[in-house]
$ cat final.pdb   # PDB, N, CA and C atoms
ATOM      1  N   MET A 110      92.426  -1.096  54.465
ATOM      2  CA  MET A 110      91.005  -0.814  54.464
ATOM      3  C   MET A 110      90.719   0.512  53.758
ATOM      4  N   THR A 111      91.479   1.532  54.034
ATOM      5  CA  THR A 111      91.282   2.838  53.424
ATOM      6  C   THR A 111      91.496   2.773  51.924
ATOM      7  N   GLN A 112      92.487   2.003  51.507
ATOM      8  CA  GLN A 112      92.782   1.870  50.086
ATOM      9  C   GLN A 112      91.621   1.182  49.356
ATOM     10  N   GLU A 113      90.997   0.191  49.992
ATOM     11  CA  GLU A 113      89.853  -0.489  49.386
ATOM     12  C   GLU A 113      88.701   0.477  49.167
ATOM     13  N   VAL A 114      88.452   1.351  50.137
ATOM     14  CA  VAL A 114      87.382   2.340  50.027
ATOM     15  C   VAL A 114      87.686   3.300  48.882
ATOM     16  N   GLN A 115      88.928   3.725  48.762
ATOM     17  CA  GLN A 115      89.311   4.639  47.686
ATOM     18  C   GLN A 115      89.144   3.977  46.329
ATOM     19  N   ILE A 116      89.533   2.733  46.215
ATOM     20  CA  ILE A 116      89.405   2.011  44.952
ATOM     21  C   ILE A 116      87.935   1.829  44.596
ATOM     22  N   GLU A 117      87.111   1.461  45.582
ATOM     23  CA  GLU A 117      85.689   1.269  45.335
ATOM     24  C   GLU A 117      85.032   2.580  44.916
ATOM     25  N   THR A 118      85.382   3.682  45.554
ATOM     26  CA  THR A 118      84.842   4.994  45.205
ATOM     27  C   THR A 118      85.254   5.389  43.795
ATOM     28  N   ALA A 119      86.507   5.162  43.444
ATOM     29  CA  ALA A 119      86.998   5.484  42.107
ATOM     30  C   ALA A 119      86.298   4.629  41.056
ATOM     31  N   THR A 120      86.073   3.367  41.364
ATOM     32  CA  THR A 120      85.389   2.469  40.432
ATOM     33  C   THR A 120      83.957   2.922  40.198
ATOM     34  N   LYS A 121      83.264   3.309  41.255
ATOM     35  CA  LYS A 121      81.889   3.779  41.119
ATOM     36  C   LYS A 121      81.829   5.063  40.304
ATOM     37  N   ALA A 122      82.786   5.969  40.522
ATOM     38  CA  ALA A 122      82.822   7.210  39.760
ATOM     39  C   ALA A 122      83.086   6.932  38.283
ATOM     40  N   THR A 123      83.985   5.988  38.010
ATOM     41  CA  THR A 123      84.285   5.618  36.631
ATOM     42  C   THR A 123      83.063   4.972  35.987
ATOM     43  N   ASN A 124      82.380   4.100  36.716
ATOM     44  CA  ASN A 124      81.181   3.445  36.216
ATOM     45  C   ASN A 124      80.098   4.474  35.903
ATOM     46  N   LYS A 125      79.955   5.450  36.758
ATOM     47  CA  LYS A 125      78.970   6.517  36.580
ATOM     48  C   LYS A 125      79.297   7.316  35.315
ATOM     49  N   SER A 126      80.561   7.655  35.128
ATOM     50  CA  SER A 126      80.992   8.405  33.940
ATOM     51  C   SER A 126      80.823   7.570  32.679
ATOM     52  N   ALA A 127      81.168   6.291  32.768
ATOM     53  CA  ALA A 127      81.032   5.398  31.614
ATOM     54  C   ALA A 127      79.571   5.277  31.200
ATOM     55  N   LYS A 128      78.675   5.190  32.174
ATOM     56  CA  LYS A 128      77.250   5.104  31.858
ATOM     57  C   LYS A 128      76.752   6.379  31.186
ATOM     58  N   LEU A 129      77.270   7.529  31.615
ATOM     59  CA  LEU A 129      76.872   8.786  30.987
ATOM     60  C   LEU A 129      77.341   8.823  29.535
ATOM     61  N   ILE A 130      78.579   8.445  29.302
ATOM     62  CA  ILE A 130      79.114   8.432  27.935
ATOM     63  C   ILE A 130      78.332   7.463  27.062
ATOM     64  N   LEU A 131      78.087   6.250  27.572
ATOM     65  CA  LEU A 131      77.301   5.269  26.813
ATOM     66  C   LEU A 131      75.879   5.770  26.564
ATOM     67  N   SER A 132      75.298   6.424  27.553
ATOM     68  CA  SER A 132      73.943   6.949  27.402
ATOM     69  C   SER A 132      73.877   7.966  26.269
ATOM     70  N   ILE A 133      74.848   8.852  26.212
ATOM     71  CA  ILE A 133      74.877   9.859  25.151
ATOM     72  C   ILE A 133      75.068   9.191  23.791
ATOM     73  N   ILE A 134      75.975   8.227  23.716
ATOM     74  CA  ILE A 134      76.215   7.508  22.457
ATOM     75  C   ILE A 134      74.942   6.784  22.001
ATOM     76  N   PHE A 135      74.268   6.094  22.908
ATOM     77  CA  PHE A 135      73.058   5.356  22.540
ATOM     78  C   PHE A 135      71.926   6.307  22.133
ATOM     79  N   ASP A 136      71.845   7.477  22.776
ATOM     80  CA  ASP A 136      70.841   8.466  22.364
ATOM     81  C   ASP A 136      71.138   8.981  20.957
ATOM     82  N   VAL A 137      72.396   9.192  20.648
ATOM     83  CA  VAL A 137      72.777   9.640  19.299
ATOM     84  C   VAL A 137      72.423   8.556  18.276
ATOM     85  N   ILE A 138      72.698   7.309  18.607
ATOM     86  CA  ILE A 138      72.339   6.202  17.707
ATOM     87  C   ILE A 138      70.830   6.206  17.458
ATOM     88  N   GLY A 139      70.056   6.410  18.499
ATOM     89  CA  GLY A 139      68.599   6.448  18.353
ATOM     90  C   GLY A 139      68.122   7.596  17.491
ATOM     91  N   MET A 140      68.862   8.701  17.497
ATOM     92  CA  MET A 140      68.484   9.869  16.703
ATOM     93  C   MET A 140      69.000   9.804  15.269
ATOM     94  N   LEU A 141      69.872   8.858  14.976
ATOM     95  CA  LEU A 141      70.443   8.748  13.629
ATOM     96  C   LEU A 141      69.397   8.430  12.563
ATOM     97  N   SER A 142      68.257   7.926  12.974
ATOM     98  CA  SER A 142      67.229   7.609  11.988
ATOM     99  C   SER A 142      66.740   8.861  11.267
ATOM    100  N   TYR A 143      66.947  10.033  11.837
ATOM    101  CA  TYR A 143      66.569  11.272  11.175
ATOM    102  C   TYR A 143      67.488  11.598  10.005
ATOM    103  N   VAL A 144      68.667  10.987   9.965
ATOM    104  CA  VAL A 144      69.635  11.258   8.902
ATOM    105  C   VAL A 144      69.125  10.725   7.564
ATOM    106  N   VAL A 145      68.556   9.531   7.570
ATOM    107  CA  VAL A 145      68.029   8.913   6.353
ATOM    108  C   VAL A 145      66.524   8.731   6.542
ATOM    109  N   PRO A 146      65.728   9.740   6.139
ATOM    110  CA  PRO A 146      64.288   9.702   6.405
ATOM    111  C   PRO A 146      63.563   8.471   5.867
ATOM    112  N   VAL A 147      63.955   7.935   4.731
ATOM    113  CA  VAL A 147      63.263   6.792   4.144
ATOM    114  C   VAL A 147      63.437   5.547   5.013
ATOM    115  N   LEU A 148      64.611   5.396   5.595
ATOM    116  CA  LEU A 148      64.899   4.221   6.413
ATOM    117  C   LEU A 148      64.565   4.413   7.894
ATOM    118  N   ALA A 149      64.077   5.589   8.237
ATOM    119  CA  ALA A 149      63.871   5.921   9.653
ATOM    120  C   ALA A 149      63.026   4.900  10.389
ATOM    121  N   GLU A 150      61.866   4.595   9.869
ATOM    122  CA  GLU A 150      60.966   3.695  10.588
ATOM    123  C   GLU A 150      61.490   2.264  10.597
ATOM    124  N   ALA A 151      62.170   1.860   9.547
ATOM    125  CA  ALA A 151      62.742   0.504   9.514
ATOM    126  C   ALA A 151      63.833   0.360  10.567
ATOM    127  N   THR A 152      64.679   1.367  10.693
ATOM    128  CA  THR A 152      65.739   1.294  11.694
ATOM    129  C   THR A 152      65.170   1.393  13.105
ATOM    130  N   ASP A 153      64.085   2.145  13.260
ATOM    131  CA  ASP A 153      63.458   2.251  14.583
ATOM    132  C   ASP A 153      62.887   0.916  15.047
ATOM    133  N   VAL A 154      62.364   0.136  14.128
ATOM    134  CA  VAL A 154      61.813  -1.175  14.478
ATOM    135  C   VAL A 154      62.922  -2.080  15.011
ATOM    136  N   ILE A 155      64.111  -1.941  14.456
ATOM    137  CA  ILE A 155      65.255  -2.736  14.919
ATOM    138  C   ILE A 155      65.817  -2.165  16.221
ATOM    139  N   TRP A 156      65.941  -0.839  16.284
ATOM    140  CA  TRP A 156      66.562  -0.193  17.433
ATOM    141  C   TRP A 156      65.680  -0.219  18.681
ATOM    142  N   ALA A 157      64.369  -0.220  18.534
ATOM    143  CA  ALA A 157      63.464  -0.153  19.693
ATOM    144  C   ALA A 157      63.702  -1.278  20.701
ATOM    145  N   PRO A 158      63.688  -2.546  20.293
ATOM    146  CA  PRO A 158      63.931  -3.588  21.300
ATOM    147  C   PRO A 158      65.370  -3.580  21.819
ATOM    148  N   VAL A 159      66.306  -3.195  20.958
ATOM    149  CA  VAL A 159      67.705  -3.131  21.405
ATOM    150  C   VAL A 159      67.862  -2.063  22.483
ATOM    151  N   SER A 160      67.284  -0.898  22.258
ATOM    152  CA  SER A 160      67.399   0.174  23.255
ATOM    153  C   SER A 160      66.704  -0.214  24.561
ATOM    154  N   GLY A 161      65.560  -0.876  24.455
ATOM    155  CA  GLY A 161      64.874  -1.326  25.661
ATOM    156  C   GLY A 161      65.716  -2.295  26.471
ATOM    157  N   LEU A 162      66.339  -3.233  25.792
ATOM    158  CA  LEU A 162      67.202  -4.202  26.480
ATOM    159  C   LEU A 162      68.446  -3.531  27.066
ATOM    160  N   LEU A 163      69.033  -2.602  26.326
ATOM    161  CA  LEU A 163      70.214  -1.895  26.837
ATOM    162  C   LEU A 163      69.890  -1.084  28.088
ATOM    163  N   LEU A 164      68.753  -0.398  28.070
ATOM    164  CA  LEU A 164      68.352   0.378  29.247
ATOM    165  C   LEU A 164      68.142  -0.525  30.454
ATOM    166  N   THR A 165      67.508  -1.656  30.230
ATOM    167  CA  THR A 165      67.271  -2.608  31.319
ATOM    168  C   THR A 165      68.578  -3.168  31.861
ATOM    169  N   ALA A 166      69.545  -3.402  30.981
ATOM    170  CA  ALA A 166      70.840  -3.941  31.406
ATOM    171  C   ALA A 166      71.693  -2.892  32.115
ATOM    172  N   MET A 167      71.641  -1.655  31.646
ATOM    173  CA  MET A 167      72.477  -0.597  32.230
ATOM    174  C   MET A 167      71.975  -0.133  33.589
ATOM    175  N   TYR A 168      70.673  -0.054  33.735
ATOM    176  CA  TYR A 168      70.076   0.469  34.966
ATOM    177  C   TYR A 168      69.237  -0.630  35.598
ATOM    178  N   LYS A 169      69.710  -1.158  36.685
ATOM    179  CA  LYS A 169      69.077  -2.307  37.350
ATOM    180  C   LYS A 169      67.808  -1.899  38.098
ATOM    181  N   GLY A 170      67.032  -2.884  38.432
ATOM    182  CA  GLY A 170      65.845  -2.680  39.263
ATOM    183  C   GLY A 170      64.686  -2.055  38.509
ATOM    184  N   ALA A 171      63.811  -1.437  39.271
ATOM    185  CA  ALA A 171      62.602  -0.833  38.709
ATOM    186  C   ALA A 171      62.935   0.283  37.729
ATOM    187  N   THR A 172      63.976   1.045  38.025
ATOM    188  CA  THR A 172      64.375   2.141  37.136
ATOM    189  C   THR A 172      64.705   1.600  35.751
ATOM    190  N   GLY A 173      65.466   0.538  35.679
ATOM    191  CA  GLY A 173      65.835  -0.051  34.397
ATOM    192  C   GLY A 173      64.649  -0.625  33.649
ATOM    193  N   LYS A 174      63.749  -1.256  34.379
ATOM    194  CA  LYS A 174      62.571  -1.841  33.741
ATOM    195  C   LYS A 174      61.670  -0.761  33.154
ATOM    196  N   VAL A 175      61.407   0.272  33.934
ATOM    197  CA  VAL A 175      60.563   1.369  33.449
ATOM    198  C   VAL A 175      61.254   2.081  32.281
ATOM    199  N   ALA A 176      62.548   2.341  32.410
ATOM    200  CA  ALA A 176      63.284   3.003  31.336
ATOM    201  C   ALA A 176      63.288   2.150  30.070
ATOM    202  N   GLY A 177      63.426   0.843  30.214
ATOM    203  CA  GLY A 177      63.405  -0.048  29.059
ATOM    204  C   GLY A 177      62.079   0.018  28.320
ATOM    205  N   ILE A 178      60.992   0.031  29.058
ATOM    206  CA  ILE A 178      59.660   0.118  28.450
ATOM    207  C   ILE A 178      59.472   1.469  27.775
ATOM    208  N   VAL A 179      59.845   2.536  28.477
ATOM    209  CA  VAL A 179      59.715   3.883  27.915
ATOM    210  C   VAL A 179      60.591   4.024  26.675
ATOM    211  N   GLY A 180      61.816   3.527  26.744
ATOM    212  CA  GLY A 180      62.725   3.602  25.599
ATOM    213  C   GLY A 180      62.182   2.848  24.399
ATOM    214  N   PHE A 181      61.622   1.670  24.627
ATOM    215  CA  PHE A 181      61.031   0.894  23.547
ATOM    216  C   PHE A 181      59.877   1.660  22.901
ATOM    217  N   ILE A 182      58.967   2.162  23.728
ATOM    218  CA  ILE A 182      57.808   2.904  23.219
ATOM    219  C   ILE A 182      58.254   4.164  22.475
ATOM    220  N   GLU A 183      59.224   4.863  23.030
ATOM    221  CA  GLU A 183      59.723   6.091  22.409
ATOM    222  C   GLU A 183      60.308   5.826  21.029
ATOM    223  N   GLU A 184      60.970   4.709  20.855
ATOM    224  CA  GLU A 184      61.556   4.379  19.550
ATOM    225  C   GLU A 184      60.520   3.847  18.566
ATOM    226  N   VAL A 185      59.487   3.174  19.048
ATOM    227  CA  VAL A 185      58.476   2.596  18.164
ATOM    228  C   VAL A 185      57.538   3.666  17.610
ATOM    229  N   ILE A 186      57.208   4.666  18.426
ATOM    230  CA  ILE A 186      56.275   5.706  17.989
ATOM    231  C   ILE A 186      57.028   6.707  17.107
ATOM    232  N   PRO A 187      56.558   6.888  15.883
ATOM    233  CA  PRO A 187      57.228   7.819  14.964
ATOM    234  C   PRO A 187      57.270   9.248  15.507
ATOM    235  N   GLY A 188      58.410   9.891  15.323
ATOM    236  CA  GLY A 188      58.565  11.291  15.703
ATOM    237  C   GLY A 188      59.065  11.531  17.122
ATOM    238  N   LEU A 189      59.230  10.497  17.908
ATOM    239  CA  LEU A 189      59.681  10.689  19.290
ATOM    240  C   LEU A 189      61.164  10.371  19.487
ATOM    241  N   ASP A 190      61.869  10.123  18.402
ATOM    242  CA  ASP A 190      63.288   9.741  18.488
ATOM    243  C   ASP A 190      64.177  10.816  19.104
ATOM    244  N   PHE A 191      63.702  12.034  19.130
ATOM    245  CA  PHE A 191      64.517  13.126  19.646
ATOM    246  C   PHE A 191      64.639  13.100  21.171
ATOM    247  N   ILE A 192      63.831  12.312  21.854
ATOM    248  CA  ILE A 192      63.875  12.251  23.319
ATOM    249  C   ILE A 192      65.102  11.435  23.749
ATOM    250  N   PRO A 193      65.991  12.028  24.527
ATOM    251  CA  PRO A 193      67.209  11.316  24.959
ATOM    252  C   PRO A 193      66.947  10.419  26.173
ATOM    253  N   THR A 194      66.295   9.302  25.951
ATOM    254  CA  THR A 194      65.852   8.414  27.025
ATOM    255  C   THR A 194      67.007   7.911  27.889
ATOM    256  N   PHE A 195      68.111   7.537  27.265
ATOM    257  CA  PHE A 195      69.261   7.022  28.019
ATOM    258  C   PHE A 195      69.815   8.103  28.952
ATOM    259  N   THR A 196      69.995   9.303  28.419
ATOM    260  CA  THR A 196      70.557  10.389  29.224
ATOM    261  C   THR A 196      69.585  10.816  30.318
ATOM    262  N   LEU A 197      68.307  10.838  30.010
ATOM    263  CA  LEU A 197      67.315  11.180  31.039
ATOM    264  C   LEU A 197      67.300  10.137  32.156
ATOM    265  N   THR A 198      67.480   8.882  31.793
ATOM    266  CA  THR A 198      67.540   7.826  32.812
ATOM    267  C   THR A 198      68.780   8.001  33.676
ATOM    268  N   TRP A 199      69.901   8.352  33.062
ATOM    269  CA  TRP A 199      71.125   8.602  33.819
ATOM    270  C   TRP A 199      70.904   9.774  34.787
ATOM    271  N   LEU A 200      70.285  10.856  34.301
ATOM    272  CA  LEU A 200      70.007  12.014  35.162
ATOM    273  C   LEU A 200      69.093  11.628  36.322
ATOM    274  N   TYR A 201      68.080  10.852  36.024
ATOM    275  CA  TYR A 201      67.172  10.408  37.088
ATOM    276  C   TYR A 201      67.932   9.583  38.129
ATOM    277  N   THR A 202      68.767   8.665  37.652
ATOM    278  CA  THR A 202      69.481   7.759  38.555
ATOM    279  C   THR A 202      70.513   8.467  39.409
ATOM    280  N   TYR A 203      71.328   9.321  38.800
ATOM    281  CA  TYR A 203      72.476   9.894  39.508
ATOM    282  C   TYR A 203      72.298  11.334  39.985
ATOM    283  N   VAL A 204      71.305  12.049  39.468
ATOM    284  CA  VAL A 204      71.101  13.431  39.905
ATOM    285  C   VAL A 204      69.851  13.545  40.761
ATOM    286  N   ILE A 205      68.745  13.010  40.281
ATOM    287  CA  ILE A 205      67.484  13.122  41.022
ATOM    288  C   ILE A 205      67.447  12.169  42.215
ATOM    289  N   LYS A 206      67.701  10.867  41.949
ATOM    290  CA  LYS A 206      67.723   9.880  43.040
ATOM    291  C   LYS A 206      69.018   9.952  43.850
ATOM    292  N   LYS A 207      70.039  10.522  43.256
ATOM    293  CA  LYS A 207      71.366  10.658  43.881
ATOM    294  C   LYS A 207      71.962   9.331  44.288
ATOM    295  N   GLU A 208      71.852   8.346  43.377
ATOM    296  CA  GLU A 208      72.462   7.044  43.615
ATOM    297  C   GLU A 208      73.972   7.174  43.518
ATOM    298  N   LYS A 209      74.669   6.477  44.335
ATOM    299  CA  LYS A 209      76.141   6.553  44.336
ATOM    300  C   LYS A 209      76.737   5.629  43.338
TER     301      LYS A 209
END
$ encode --input "final.pdb" --output "structure tokens"
Amino acid sequence: MTQEVQIETATKATNKSAKLILSIIFDVIGMLSYVVPVLAEATDVIWAPVSGLLLTAMYKGATGKVAGIVGFIEEVIPGLDFIPTFTLTWLYTYVIKKEK
């Protein structure tokens, strides 16, 4: 029984760390449109629904749904790509709400 608890705790910690790493990577991908200014808006049109779906898949429940909508809007509106929506959602989930 004790070993199961330790394994479950380790798995949750790994999942939490993996989500943080993925969140940072996805935020960097979202900001890459600044690298090629001419293609910025075209790539944002493609990335916006993808980021919304990824946020919804990574963070379940109401948090994921709200984050997905915010992420989509943030990517569609020009000039807002600098907002790290994935990382902010991770902070909200694991630091503010203190989800395990």
$ resolve_selection --input "final.pdb" --expression "the PyMOL selection byres (((chain A and resi 188 and name CA) around 12) and name CA)" --output "ChimeraX atom specification"
/A:139-140,142-143,146,149-150,153,182-187,189-192
$ atom_distance --input "final.pdb" --atom1 "atom C of Leu197 of chain A" --atom2 "atom N of Trp156 of chain A"
19.3 Å
$ atom_distance --input "final.pdb" --atom1 "atom CA of Thr198 of chain A" --atom2 "atom CA of Ala176 of chain A"
6.6 Å
$ atom_distance --input "final.pdb" --atom1 "atom N of Asp136 of chain A" --atom2 "atom N of Phe195 of chain A"
5.8 Å
$ closest_residue --input "final.pdb" --among "A:Tyr201, A:Met167, A:Thr196, A:Thr172" --to "Asn124 of chain A" --atoms "only C-alpha atoms"
A:Met167
$ axis_aligned_box --input "final.pdb" --around "segment 158-176 of chain A" --padding-each-side "6 Å" --output "AutoDock Vina command-line options"
--center_x 66.5 --center_y -0.6 --center_z 29.8 --size_x 23.9 --size_y 19.2 --size_z 31.0
$ select_by_dssp --input "final.pdb" --residues "chain A" --states "alpha helix (DSSP H)" --output "count of residues only"
72
